[in-house]
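Novice: Sharing a structure below in structure tokens format, with a few things to ask.
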Amino acid sequence: MADPSTSSTTSPAPIPWRVQIPVYGAAMFSNSSLHLYNVVVPLWTATLTRDPLIIGIVLGARHILPMLFLIHGGAMMDRFGTRRVMLIFASAAVVIPMLYPAAPLIPMLILFQMFGGLAVMTTWIGAQSLTGSLMRGQPVYTGRLTLATRIGTIFGPPTVGAIWDFAGAWWAFSFLSLWAVLTFLSTFFVPVTVKPKPAADAPPKSATTFGDVMPKLSDYLDAFRLVAIPAIGLVFMVTILRHSGVAMQSNFYVIYLDGIGISGTMIGILFSVLGAVGGVGAISTGWLATKFSNRRILLSSIALGVLMMTITPIIGWTGFTMEVSPVAAIFDFLGLDIDLAPVAGVLGLYFLFVIAIAIRGATSGVAQAMEISIVAQAAGEAQGKAAGLRVTAGRLAAVFLPILMGAIAKIFGLEASFFIVGGGILAVLGWLAIRDSGAQQKPAL
């Protein structure tokens, strides 16, 4: 049997679109919610404190409960049904955003980050689990699922960034609640899977008890045993590294851009570019898998994406400028009434940031689709646990890296923190690439 980490599989009978579309919708709104929060929460936090270490703690807090309980959430999906669990957490995701502006205190903000992160991330691993259980984890479907998440990031971040700029925090967080409503509706229309009837002599199933929904050590042990599968072990390691780059982008990247005069709307547009180009990368995953090994695709795409975050201060140092009038003339020709005067001083730098984020988006789309496909193909019946394990790996990076980067920024400065953290990630990826190349060249005994 071929290892999914080094080869791709052929597609059997196609999955009906009535099954695909709700799954893609749930993935689009749940995953892109992360990007909406990545625009609004750093800006909201910056209005409450400018201490980089406190900011890092607040932003990292969003991933603490997901890190601890996503495997449990995946186990509940395997046990009770993915759709049912997703609906419960999607409901919570509707309510939590409105609590942020209602209690503008750092301790409360940390608490809302923790529970809001768990609600959103649980629905996201549910969408990934459905890709395995309903669509057999084939690259063509995981590519479409990743494309769907990128579509959400095209429209969501600039919209919420503009709402922040022109209407304020209350309306921005209200938009996050509306986005969660769309997650709930998409999940509601996911087809209900029919489980086979038990045998006539099978003992009757007992009613669900409180203990059934409590975390179980056995579920965590079962999930981490999946790391012994080479394909899943590979994904577990590189997911931590990829999400370290995501954590840089989601936290201090926004703080840096805000500090050099780039508005919330323009930051949102950058995330939109990330999503749009990421969709192109995602749908190319199936083709790339026929040309290169999955290991090479994973390592190279993640390394290039992290590099684009690491050079953020270098882009700022270039001092690149652009004349506003040609850009304004293009907008006038298109019939768009956009005032570029407030961004005239940073328009050149912004253009370079667009290029860098586009490269990052393309590589991120490829890497994420490949990770989901490899895990779904290798997990068998443990789709929920495997999806939870993969996302838990990302949460490890998302919890600790903002705090680490915040501490480094406090000691060495914000710009230096990009080089120290990004350089460390790239060094580990380089070691993995050399190690993998040596393993492939080693002759069989």
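Every chain in the structure tokens has a letter given in the order shown (A, B, ...), and although residue numbers restart at 1 in each chain, ligands are simply numbered from 1 in the order shown.
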Compile the contact shell of Thr159 of chain A as a PDB file with C-alpha atoms, in the first residue's frame: residues with an atom at most 9 Å away, counting only C-alpha atoms, same-chain residues fewer than 2 positions apart removed.
Specialist:
```pdb
ATOM      1  CA  LEU A  36     -11.578  37.976  10.484  1.00  0.00           C
ATOM      2  CA  PHE A 155     -14.362  38.975   1.176  1.00  0.00           C
ATOM      3  CA  GLY A 156     -14.372  38.706   4.967  1.00  0.00           C
ATOM      4  CA  PRO A 157     -11.197  40.490   6.150  1.00  0.00           C
ATOM      5  CA  GLY A 161     -11.538  45.965   8.343  1.00  0.00           C
ATOM      6  CA  ALA A 162     -13.677  48.604   6.653  1.00  0.00           C
ATOM      7  CA  ILE A 163     -16.401  48.158   9.274  1.00  0.00           C
ATOM      8  CA  TRP A 164     -13.764  48.713  11.966  1.00  0.00           C
ATOM      9  CA  ALA A 172     -17.051  44.874  13.596  1.00  0.00           C
ATOM     10  CA  PHE A 175     -20.099  41.108  11.709  1.00  0.00           C
ATOM     11  CA  THR A 265      -9.165  48.386   5.674  1.00  0.00           C
ATOM     12  CA  GLY A 268      -7.992  43.478   5.502  1.00  0.00           C
ATOM     13  CA  ILE A 269      -7.279  43.750   1.776  1.00  0.00           C
TER      14      ILE A 269
END
```
Novice: If you count only C-alpha atoms, which residues fall within 9 Å of segment 301-303 of chain A, apart from same-chain ones fewer than 2 positions away, as number ranges by chain?
Specialist: A: 238-239, 241-242, 245, 296-299, 305-308, 360, 362-367, 425-426, 429-430
Novice: Next, write the just-selected residues to a file, as a PDB file, in the first residue's frame, keeping N, CA and C atoms as the atom set.
Specialist:
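Now in selection_33.pdb:
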```
ATOM      1  N   VAL A 238       5.272  19.218  10.391  1.00  0.00           N
ATOM      2  CA  VAL A 238       5.314  20.400   9.534  1.00  0.00           C
ATOM      3  C   VAL A 238       4.150  21.340   9.810  1.00  0.00           C
ATOM      4  N   THR A 239       3.052  20.802  10.362  1.00  0.00           N
ATOM      5  CA  THR A 239       1.939  21.684  10.718  1.00  0.00           C
ATOM      6  C   THR A 239       2.348  22.649  11.820  1.00  0.00           C
ATOM      7  N   LEU A 241       5.293  23.855  12.235  1.00  0.00           N
ATOM      8  CA  LEU A 241       6.142  24.867  11.606  1.00  0.00           C
ATOM      9  C   LEU A 241       5.317  25.822  10.744  1.00  0.00           C
ATOM     10  N   ARG A 242       4.363  25.294   9.999  1.00  0.00           N
ATOM     11  CA  ARG A 242       3.539  26.177   9.156  1.00  0.00           C
ATOM     12  C   ARG A 242       2.742  27.144  10.013  1.00  0.00           C
ATOM     13  N   GLY A 245       4.474  30.195  11.255  1.00  0.00           N
ATOM     14  CA  GLY A 245       4.413  31.304  10.306  1.00  0.00           C
ATOM     15  C   GLY A 245       3.055  31.979  10.311  1.00  0.00           C
ATOM     16  N   ARG A 296       8.218  16.884  -0.607  1.00  0.00           N
ATOM     17  CA  ARG A 296       8.880  18.060  -1.183  1.00  0.00           C
ATOM     18  C   ARG A 296       7.912  19.228  -1.302  1.00  0.00           C
ATOM     19  N   ILE A 297       6.675  18.934  -1.681  1.00  0.00           N
ATOM     20  CA  ILE A 297       5.669  19.991  -1.790  1.00  0.00           C
ATOM     21  C   ILE A 297       5.439  20.639  -0.430  1.00  0.00           C
ATOM     22  N   LEU A 298       5.284  19.826   0.600  1.00  0.00           N
ATOM     23  CA  LEU A 298       5.036  20.347   1.942  1.00  0.00           C
ATOM     24  C   LEU A 298       6.173  21.235   2.428  1.00  0.00           C
ATOM     25  N   LEU A 299       7.390  20.715   2.395  1.00  0.00           N
ATOM     26  CA  LEU A 299       8.520  21.439   2.975  1.00  0.00           C
ATOM     27  C   LEU A 299       8.837  22.721   2.219  1.00  0.00           C
ATOM     28  N   GLY A 305       6.585  30.291   2.359  1.00  0.00           N
ATOM     29  CA  GLY A 305       5.585  31.096   3.050  1.00  0.00           C
ATOM     30  C   GLY A 305       6.139  31.752   4.297  1.00  0.00           C
ATOM     31  N   VAL A 306       6.935  31.005   5.082  1.00  0.00           N
ATOM     32  CA  VAL A 306       7.542  31.575   6.288  1.00  0.00           C
ATOM     33  C   VAL A 306       8.529  32.683   5.921  1.00  0.00           C
ATOM     34  N   LEU A 307       9.266  32.487   4.836  1.00  0.00           N
ATOM     35  CA  LEU A 307      10.219  33.508   4.393  1.00  0.00           C
ATOM     36  C   LEU A 307       9.525  34.837   4.118  1.00  0.00           C
ATOM     37  N   MET A 308       8.325  34.780   3.549  1.00  0.00           N
ATOM     38  CA  MET A 308       7.599  36.014   3.234  1.00  0.00           C
ATOM     39  C   MET A 308       7.192  36.778   4.495  1.00  0.00           C
ATOM     40  N   ARG A 360       2.967  34.237  -0.206  1.00  0.00           N
ATOM     41  CA  ARG A 360       2.637  33.463   0.990  1.00  0.00           C
ATOM     42  C   ARG A 360       1.298  32.747   0.825  1.00  0.00           C
ATOM     43  N   ALA A 362      -0.218  31.703  -1.948  1.00  0.00           N
ATOM     44  CA  ALA A 362      -0.131  30.565  -2.871  1.00  0.00           C
ATOM     45  C   ALA A 362       0.483  29.353  -2.185  1.00  0.00           C
ATOM     46  N   THR A 363       1.568  29.566  -1.458  1.00  0.00           N
ATOM     47  CA  THR A 363       2.236  28.443  -0.796  1.00  0.00           C
ATOM     48  C   THR A 363       1.392  27.890   0.350  1.00  0.00           C
ATOM     49  N   SER A 364       0.678  28.769   1.051  1.00  0.00           N
ATOM     50  CA  SER A 364      -0.164  28.315   2.158  1.00  0.00           C
ATOM     51  C   SER A 364      -1.314  27.459   1.656  1.00  0.00           C
ATOM     52  N   GLY A 365      -1.912  27.841   0.522  1.00  0.00           N
ATOM     53  CA  GLY A 365      -3.010  27.052  -0.037  1.00  0.00           C
ATOM     54  C   GLY A 365      -2.566  25.652  -0.407  1.00  0.00           C
ATOM     55  N   VAL A 366      -1.388  25.550  -1.013  1.00  0.00           N
ATOM     56  CA  VAL A 366      -0.854  24.240  -1.385  1.00  0.00           C
ATOM     57  C   VAL A 366      -0.576  23.401  -0.138  1.00  0.00           C
ATOM     58  N   ALA A 367       0.094  24.003   0.847  1.00  0.00           N
ATOM     59  CA  ALA A 367       0.500  23.248   2.036  1.00  0.00           C
ATOM     60  C   ALA A 367      -0.709  22.742   2.814  1.00  0.00           C
ATOM     61  N   ILE A 425      12.444  29.048  12.428  1.00  0.00           N
ATOM     62  CA  ILE A 425      11.545  28.135  11.710  1.00  0.00           C
ATOM     63  C   ILE A 425      12.198  27.632  10.432  1.00  0.00           C
ATOM     64  N   LEU A 426      12.822  28.548   9.688  1.00  0.00           N
ATOM     65  CA  LEU A 426      13.469  28.160   8.426  1.00  0.00           C
ATOM     66  C   LEU A 426      14.626  27.199   8.674  1.00  0.00           C
ATOM     67  N   LEU A 429      13.108  23.755   9.156  1.00  0.00           N
ATOM     68  CA  LEU A 429      12.643  23.235   7.863  1.00  0.00           C
ATOM     69  C   LEU A 429      13.824  22.784   7.001  1.00  0.00           C
ATOM     70  N   GLY A 430      14.914  23.551   7.025  1.00  0.00           N
ATOM     71  CA  GLY A 430      16.097  23.145   6.273  1.00  0.00           C
ATOM     72  C   GLY A 430      16.658  21.826   6.778  1.00  0.00           C
TER      73      GLY A 430
END
```
Novice: For Val95 of chain A, which of A:Leu347, A:Ala119, A:Leu130, A:Leu59 is the closest residue, counting only C-alpha atoms?
Specialist: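 Closest to Val95 of chain A of all the choices is A:Ala119.
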Novice: Which of these residues is nearest to Leu396 of chain A, using only C-alpha atoms: A:Ala247, A:Met108, A:Ile15, A:Val273?
Specialist: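 Nearest candidate to Leu396 of chain A out of A:Ala247, A:Met108, A:Ile15, A:Val273: A:Ala247.
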Novice: Counting only C-alpha atoms, which residue out of A:Met248, A:Ala356, A:Ala329, A:Ala127 sits closest to Gly406 of chain A?
Specialist: A:Met248
Novice: Using only C-alpha atoms, which of the listed residues (A:Ile125, A:Phe351, A:Val181, A:Asn251) sits closest to Ser91 of chain A?
Specialist: A:Val181
Novice: What is the atom CA of Met370 of chain A-atom CA of Ser293 of chain A distance in Å, reported with one decimal?
Specialist: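 Going from atom CA of Met370 of chain A over to atom CA of Ser293 of chain A covers 10.8 Å.
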Novice: Looking at A:Gln128, A:Thr49, A:Ser272, A:Gln368, which one is nearest to Asn294 of chain A, with distances taken over only C-alpha atoms?
Specialist: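 Using only C-alpha atoms, Asn294 of chain A sits closest to A:Gln368.
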Novice: For Ile372 of chain A, which of A:His72, A:Arg18, A:His35, A:Arg144 is the closest residue, counting only C-alpha atoms?
Specialist: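 Among the listed residues, A:Arg144 lies closest to Ile372 of chain A.
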Novice: What gap, in Å, lies between atom CA of Val235 of chain A and atom CA of Val428 of chain A?
Specialist: 14.4 Å
Novice: Could you tell me how far atom CA of Ile154 of chain A sits from atom CA of Gly275 of chain A, in Å to one decimal place?
Specialist: 5.1 Å
